[in-house]
Amino acid sequence: MKYVLVTGGVVSGLGKGVTASSIGVILKACGLRVTSIKIDPYLNTDAGTMSPFEHGEVFVLDDGGEVDLDLGNYERFLDIKLTRDNNITTGKIYQSVIDKERRGDYLGKTVQVVPHITDAIQEWIERIAMIPVDGKEGPADVCVIELGGTIGDIESMPFVEAIGQFSYRVGDGNFCLIHVSLVPVLNVVGEQKTKPTQHSVRGLRSLGLKPNILACRSTMELDENVKAKLSQFCHVPEENILTLYDVPNIWHVPLLLKDQKAHEAILRVLNLSGVASEPELGEWTSRAVLCDRLHDPVRIAMVGKYTGLSDSYLSVLKVNLNYLRLVKNKLSCQMSLLVLNCFPVLHVL
């Protein structure tokens with residue numbers, strides 16, 4: 001089993017979920033079988049009781065699991081069926097360790113974050129990574145793991161420590177770390193600034209993790225001198241520094257990674273260069289081009305409770321976007337979703 005870890009730095013909301021999903025797409029297009037795990041460091045056991053204002057919609061899986069919306073992205077991008085155990089939370093890990101302690105499984109040992117919590121995290125990852133999610137027999141070839149939050153968050157420290165131990169245990173050639181960071185452009189001078197990413201990578205390295213690949217979010221493609229500077233200060237080869245600049249729709253992200261040969265960088269790190277084939281993304285290209293050609297807007301009204309955040313109804317939005325794409329006339333993928341607050345109606349009733 002090979003593992004790809006996606007972490008984020010500088011700020012939240014950089015698109016780690018879409019990046020992780022897109023990495024899965026290009027690996028799958030190379031002929032590899034892919035599964036996914038999302039790690040959420042919050043203490044809740046799942047997302048079921050959380051307000052959508054906190055983390056967006058609660059995505060409900062086929063087994064009834066109430067999970068983070070990123071698992072919805074994984075399922076849509078990779079055409080897989082995940083389970084509730086594919087979403088790891090701090091609450092789940094601590095609950096499992098405390099249950100073991102109450103049963104006496106630790107034989108009177110002092111239960112600590114290291115090694116008991118970190119071991120539980122590693123065991124959970126290994127166990128879930130072996131479960132097939134694509135309807136075929138046997139485990140997948142690659143497990144893409146997304147670590148939620150931002151490097152340096154205090155609540156994610158046990159996971160960072162566990163992953164550091166895990167990467168050492170599985171060994172070189174079986175683990176690839178992709179760090180998603182921000183390269184802002186200051187409008188005053190129009191210059192791409194690398195310092196936030198430098199500090200983020202320094203923080204990552206101080207915690208025992210070394211990135212193999214940098215995925216830099218920016219409004220425009222990185223200049224070559226910026227890549228050279230990042231390579232020098234972050235100790236990452238220039239060919240392993242990718243630009244995730246703004247695109248018209250998310251269907252372009254896997255194509256963006258393919259054009260920059262992200263698959264070659266990942267396959268080199270995982271020692272899979274001689275096994276995988278060149279990615280075939282003809283369907284994705286057609287989908288992205290089609291969405292770019294649709295212009296006439298369609299306005300759809302939907303009654304909702306959590307109207308302050310569009311991610312609260314992300315799956316509904318995606319269903320409508322996919323329908324508009326399939327209609328194949330001049331309907332816009334940039335659909336205007338009018339969400340109506342239902343509180344006044346409920347009050348009258």
# chains A, B, ... in the order shown; residues from 1 in each chain; ligands from 1

call {"tool": "residues_around", "arguments": {"residues": "Gly173 in chain A", "least_positions_apart": "6", "cutoff": "6 Å", "atoms": "only C-alpha atoms", "output": "list of chain:residue names"}}
result
A:Val269, A:Leu270, A:Asn271

call {"tool": "select_by_dssp", "arguments": {"residues": "range 123-190 of chain A", "states": "strand (DSSP E)", "output": "MDAnalysis selection string"}}
result
chainID A and resid 142:147 175:182 185:186

call {"tool": "write_last_selection", "arguments": {"atoms": "N, CA, C and O atoms", "output": "PDB file, in the first residue's frame"}}
result
ATOM      1  N   VAL A 142      -3.284   2.927  -3.783  1.00  0.00           N
ATOM      2  CA  VAL A 142      -2.862   4.178  -3.147  1.00  0.00           C
ATOM      3  C   VAL A 142      -3.985   4.693  -2.257  1.00  0.00           C
ATOM      4  O   VAL A 142      -5.152   4.679  -2.652  1.00  0.00           O
ATOM      5  N   CYS A 143      -3.612   5.144  -1.074  1.00  0.00           N
ATOM      6  CA  CYS A 143      -4.569   5.797  -0.170  1.00  0.00           C
ATOM      7  C   CYS A 143      -4.193   7.272  -0.055  1.00  0.00           C
ATOM      8  O   CYS A 143      -3.084   7.607   0.370  1.00  0.00           O
ATOM      9  N   VAL A 144      -5.119   8.146  -0.458  1.00  0.00           N
ATOM     10  CA  VAL A 144      -4.909   9.595  -0.348  1.00  0.00           C
ATOM     11  C   VAL A 144      -5.526  10.058   0.976  1.00  0.00           C
ATOM     12  O   VAL A 144      -6.719   9.884   1.210  1.00  0.00           O
ATOM     13  N   ILE A 145      -4.702  10.648   1.835  1.00  0.00           N
ATOM     14  CA  ILE A 145      -5.127  11.092   3.166  1.00  0.00           C
ATOM     15  C   ILE A 145      -5.063  12.612   3.219  1.00  0.00           C
ATOM     16  O   ILE A 145      -4.034  13.206   2.892  1.00  0.00           O
ATOM     17  N   GLU A 146      -6.155  13.227   3.628  1.00  0.00           N
ATOM     18  CA  GLU A 146      -6.162  14.676   3.815  1.00  0.00           C
ATOM     19  C   GLU A 146      -6.199  14.994   5.304  1.00  0.00           C
ATOM     20  O   GLU A 146      -7.082  14.520   6.021  1.00  0.00           O
ATOM     21  N   LEU A 147      -5.235  15.774   5.761  1.00  0.00           N
ATOM     22  CA  LEU A 147      -5.213  16.223   7.156  1.00  0.00           C
ATOM     23  C   LEU A 147      -5.879  17.589   7.224  1.00  0.00           C
ATOM     24  O   LEU A 147      -5.371  18.572   6.675  1.00  0.00           O
ATOM     25  N   PHE A 175       5.492   6.558   0.931  1.00  0.00           N
ATOM     26  CA  PHE A 175       4.816   7.707   1.543  1.00  0.00           C
ATOM     27  C   PHE A 175       5.213   8.975   0.807  1.00  0.00           C
ATOM     28  O   PHE A 175       6.399   9.246   0.593  1.00  0.00           O
ATOM     29  N   CYS A 176       4.212   9.768   0.420  1.00  0.00           N
ATOM     30  CA  CYS A 176       4.451  11.036  -0.277  1.00  0.00           C
ATOM     31  C   CYS A 176       3.655  12.130   0.419  1.00  0.00           C
ATOM     32  O   CYS A 176       2.446  12.002   0.610  1.00  0.00           O
ATOM     33  N   LEU A 177       4.334  13.216   0.790  1.00  0.00           N
ATOM     34  CA  LEU A 177       3.676  14.324   1.476  1.00  0.00           C
ATOM     35  C   LEU A 177       3.556  15.511   0.510  1.00  0.00           C
ATOM     36  O   LEU A 177       4.558  16.010   0.006  1.00  0.00           O
ATOM     37  N   ILE A 178       2.323  15.942   0.282  1.00  0.00           N
ATOM     38  CA  ILE A 178       2.051  17.103  -0.557  1.00  0.00           C
ATOM     39  C   ILE A 178       1.517  18.214   0.335  1.00  0.00           C
ATOM     40  O   ILE A 178       0.500  18.049   1.004  1.00  0.00           O
ATOM     41  N   HIS A 179       2.215  19.332   0.351  1.00  0.00           N
ATOM     42  CA  HIS A 179       1.834  20.449   1.219  1.00  0.00           C
ATOM     43  C   HIS A 179       1.202  21.551   0.373  1.00  0.00           C
ATOM     44  O   HIS A 179       1.831  22.085  -0.553  1.00  0.00           O
ATOM     45  N   VAL A 180      -0.051  21.882   0.680  1.00  0.00           N
ATOM     46  CA  VAL A 180      -0.767  22.947  -0.028  1.00  0.00           C
ATOM     47  C   VAL A 180      -0.571  24.241   0.754  1.00  0.00           C
ATOM     48  O   VAL A 180      -0.929  24.324   1.931  1.00  0.00           O
ATOM     49  N   SER A 181      -0.006  25.224   0.094  1.00  0.00           N
ATOM     50  CA  SER A 181       0.297  26.479   0.780  1.00  0.00           C
ATOM     51  C   SER A 181      -0.123  27.663  -0.084  1.00  0.00           C
ATOM     52  O   SER A 181      -0.585  27.491  -1.211  1.00  0.00           O
ATOM     53  N   LEU A 182       0.041  28.845   0.451  1.00  0.00           N
ATOM     54  CA  LEU A 182      -0.405  30.072  -0.213  1.00  0.00           C
ATOM     55  C   LEU A 182       0.784  30.927  -0.642  1.00  0.00           C
ATOM     56  O   LEU A 182       1.702  31.160   0.139  1.00  0.00           O
ATOM     57  N   VAL A 185      -0.313  37.406  -3.847  1.00  0.00           N
ATOM     58  CA  VAL A 185       0.176  38.462  -4.743  1.00  0.00           C
ATOM     59  C   VAL A 185      -0.309  39.796  -4.185  1.00  0.00           C
ATOM     60  O   VAL A 185      -1.518  40.024  -4.058  1.00  0.00           O
ATOM     61  N   LEU A 186       0.639  40.641  -3.828  1.00  0.00           N
ATOM     62  CA  LEU A 186       0.278  41.960  -3.292  1.00  0.00           C
ATOM     63  C   LEU A 186      -0.091  42.889  -4.441  1.00  0.00           C
ATOM     64  O   LEU A 186       0.720  43.131  -5.346  1.00  0.00           O
TER      65      LEU A 186
END

call {"tool": "closest_residue", "arguments": {"among": "A:Val319, A:Val34, A:Ala29, A:Met302", "to": "Asp134 in chain A", "atoms": "only C-alpha atoms"}}
result
A:Val34

call {"tool": "residues_around", "arguments": {"residues": "range 152-159 of chain A", "least_positions_apart": "2", "cutoff": "9 Å", "atoms": "only C-alpha atoms", "output": "VMD selection string"}}
result
chain A and resid 9 39 to 43 90 113 to 114 117 to 118 121 to 122 147 to 150 161 to 164 200 203 to 204 207

call {"tool": "closest_residue", "arguments": {"among": "A:Thr45, A:Asn212, A:Thr307, A:Gln198", "to": "Gln232 in chain A", "atoms": "only C-alpha atoms"}}
result
A:Gln198

call {"tool": "atom_distance", "arguments": {"atom1": "CA of Cys234 in chain A", "atom2": "CA of Pro211 in chain A"}}
result
8.4 Å

call {"tool": "residues_around", "arguments": {"residues": "Val170 in chain A", "least_positions_apart": "4", "cutoff": "10 Å", "atoms": "only C-alpha atoms", "output": "ChimeraX atom specification"}}
result
/A:1-3,165-166,174-175

call {"tool": "write_last_selection", "arguments": {"atoms": "C-alpha atoms", "output": "CSV table (one decimal), in the first residue's frame"}}
result
chain,number,residue,atom,x,y,z
A,1,MET,CA,0.0,0.0,0.0
A,2,LYS,CA,1.2,3.5,-0.9
A,3,TYR,CA,0.1,6.6,1.0
A,165,GLN,CA,5.9,7.9,13.0
A,166,PHE,CA,3.8,6.3,10.3
A,174,ASN,CA,5.7,4.2,0.3
A,175,PHE,CA,4.8,7.7,1.5

call {"tool": "closest_residue", "arguments": {"among": "A:Lys92, A:Phe233, A:Gly15, A:Asn73", "to": "Tyr245 in chain A", "atoms": "only C-alpha atoms"}}
result
A:Gly15

call {"tool": "closest_residue", "arguments": {"among": "A:Gly108, A:Pro132, A:Gly64, A:Pro279", "to": "Leu27 in chain A", "atoms": "only C-alpha atoms"}}
result
A:Pro279

call {"tool": "select_by_dssp", "arguments": {"residues": "range 242-313 of chain A", "states": "alpha helix (DSSP H)", "output": "list in words"}}
result
His252, Val253, Pro254, Leu255, Leu256, Leu257, Lys258, Asp259, Ala262, His263, Glu264, Ala265, Ile266, Leu267, Arg268, Val269, Gly282, Glu283, Trp284, Thr285, Ser286, Arg287, Ala288, Val289, Leu290, Cys291, Asp292 and Arg293 of chain A

call {"tool": "residues_around", "arguments": {"residues": "range 280-282 of chain A", "least_positions_apart": "3", "cutoff": "8 Å", "atoms": "only C-alpha atoms", "output": "list in words"}}
result
Ile26, Ala29, Cys30, Leu255, Thr285 and Ser286 of chain A

call {"tool": "closest_residue", "arguments": {"among": "A:Pro52, A:Glu57, A:Ala129, A:Thr219", "to": "Asp85 in chain A", "atoms": "only C-alpha atoms"}}
result
A:Ala129

call {"tool": "decode", "arguments": {"residues": "range 37-74 of chain A", "atoms": "C-alpha atoms", "output": "compact mmCIF listing (two decimals), in the first residue's frame"}}
result
# COMPACT_ATOMS: atom_id res chain seq x y z
CA ILE A 37 -9.32 9.13 4.18
CA LYS A 38 -10.16 12.52 5.71
CA ILE A 39 -8.74 13.43 9.12
CA ASP A 40 -10.64 16.10 11.07
CA PRO A 41 -8.86 17.13 14.29
CA TYR A 42 -11.98 18.38 16.08
CA LEU A 43 -13.24 16.59 19.22
CA ASN A 44 -16.67 15.77 17.78
CA THR A 45 -17.03 12.08 16.95
CA ASP A 46 -18.62 13.04 13.63
CA ALA A 47 -20.08 16.06 11.83
CA GLY A 48 -23.70 15.10 12.53
CA THR A 49 -24.29 17.53 15.39
CA MET A 50 -22.25 20.40 13.96
CA SER A 51 -23.81 23.51 12.51
CA PRO A 52 -23.19 23.83 8.76
CA PHE A 53 -21.96 27.36 9.53
CA GLU A 54 -18.92 25.71 11.17
CA HIS A 55 -17.70 23.38 8.40
CA GLY A 56 -20.31 23.45 5.64
CA GLU A 57 -22.84 20.73 4.95
CA VAL A 58 -22.95 17.36 6.69
CA PHE A 59 -22.44 14.76 3.95
CA VAL A 60 -24.36 11.52 4.54
CA LEU A 61 -22.73 8.33 3.26
CA ASP A 62 -24.43 5.14 2.09
CA ASP A 63 -23.85 3.50 5.49
CA GLY A 64 -25.53 6.44 7.25
CA GLY A 65 -22.28 8.02 8.37
CA GLU A 66 -22.49 11.79 8.85
CA VAL A 67 -19.16 13.15 7.73
CA ASP A 68 -17.25 16.16 6.46
CA LEU A 69 -18.26 17.54 3.06
CA ASP A 70 -14.81 16.70 1.61
CA LEU A 71 -15.82 13.03 1.53
CA GLY A 72 -18.57 14.09 -0.86
CA ASN A 73 -15.88 15.55 -3.11
CA TYR A 74 -13.93 12.28 -2.95
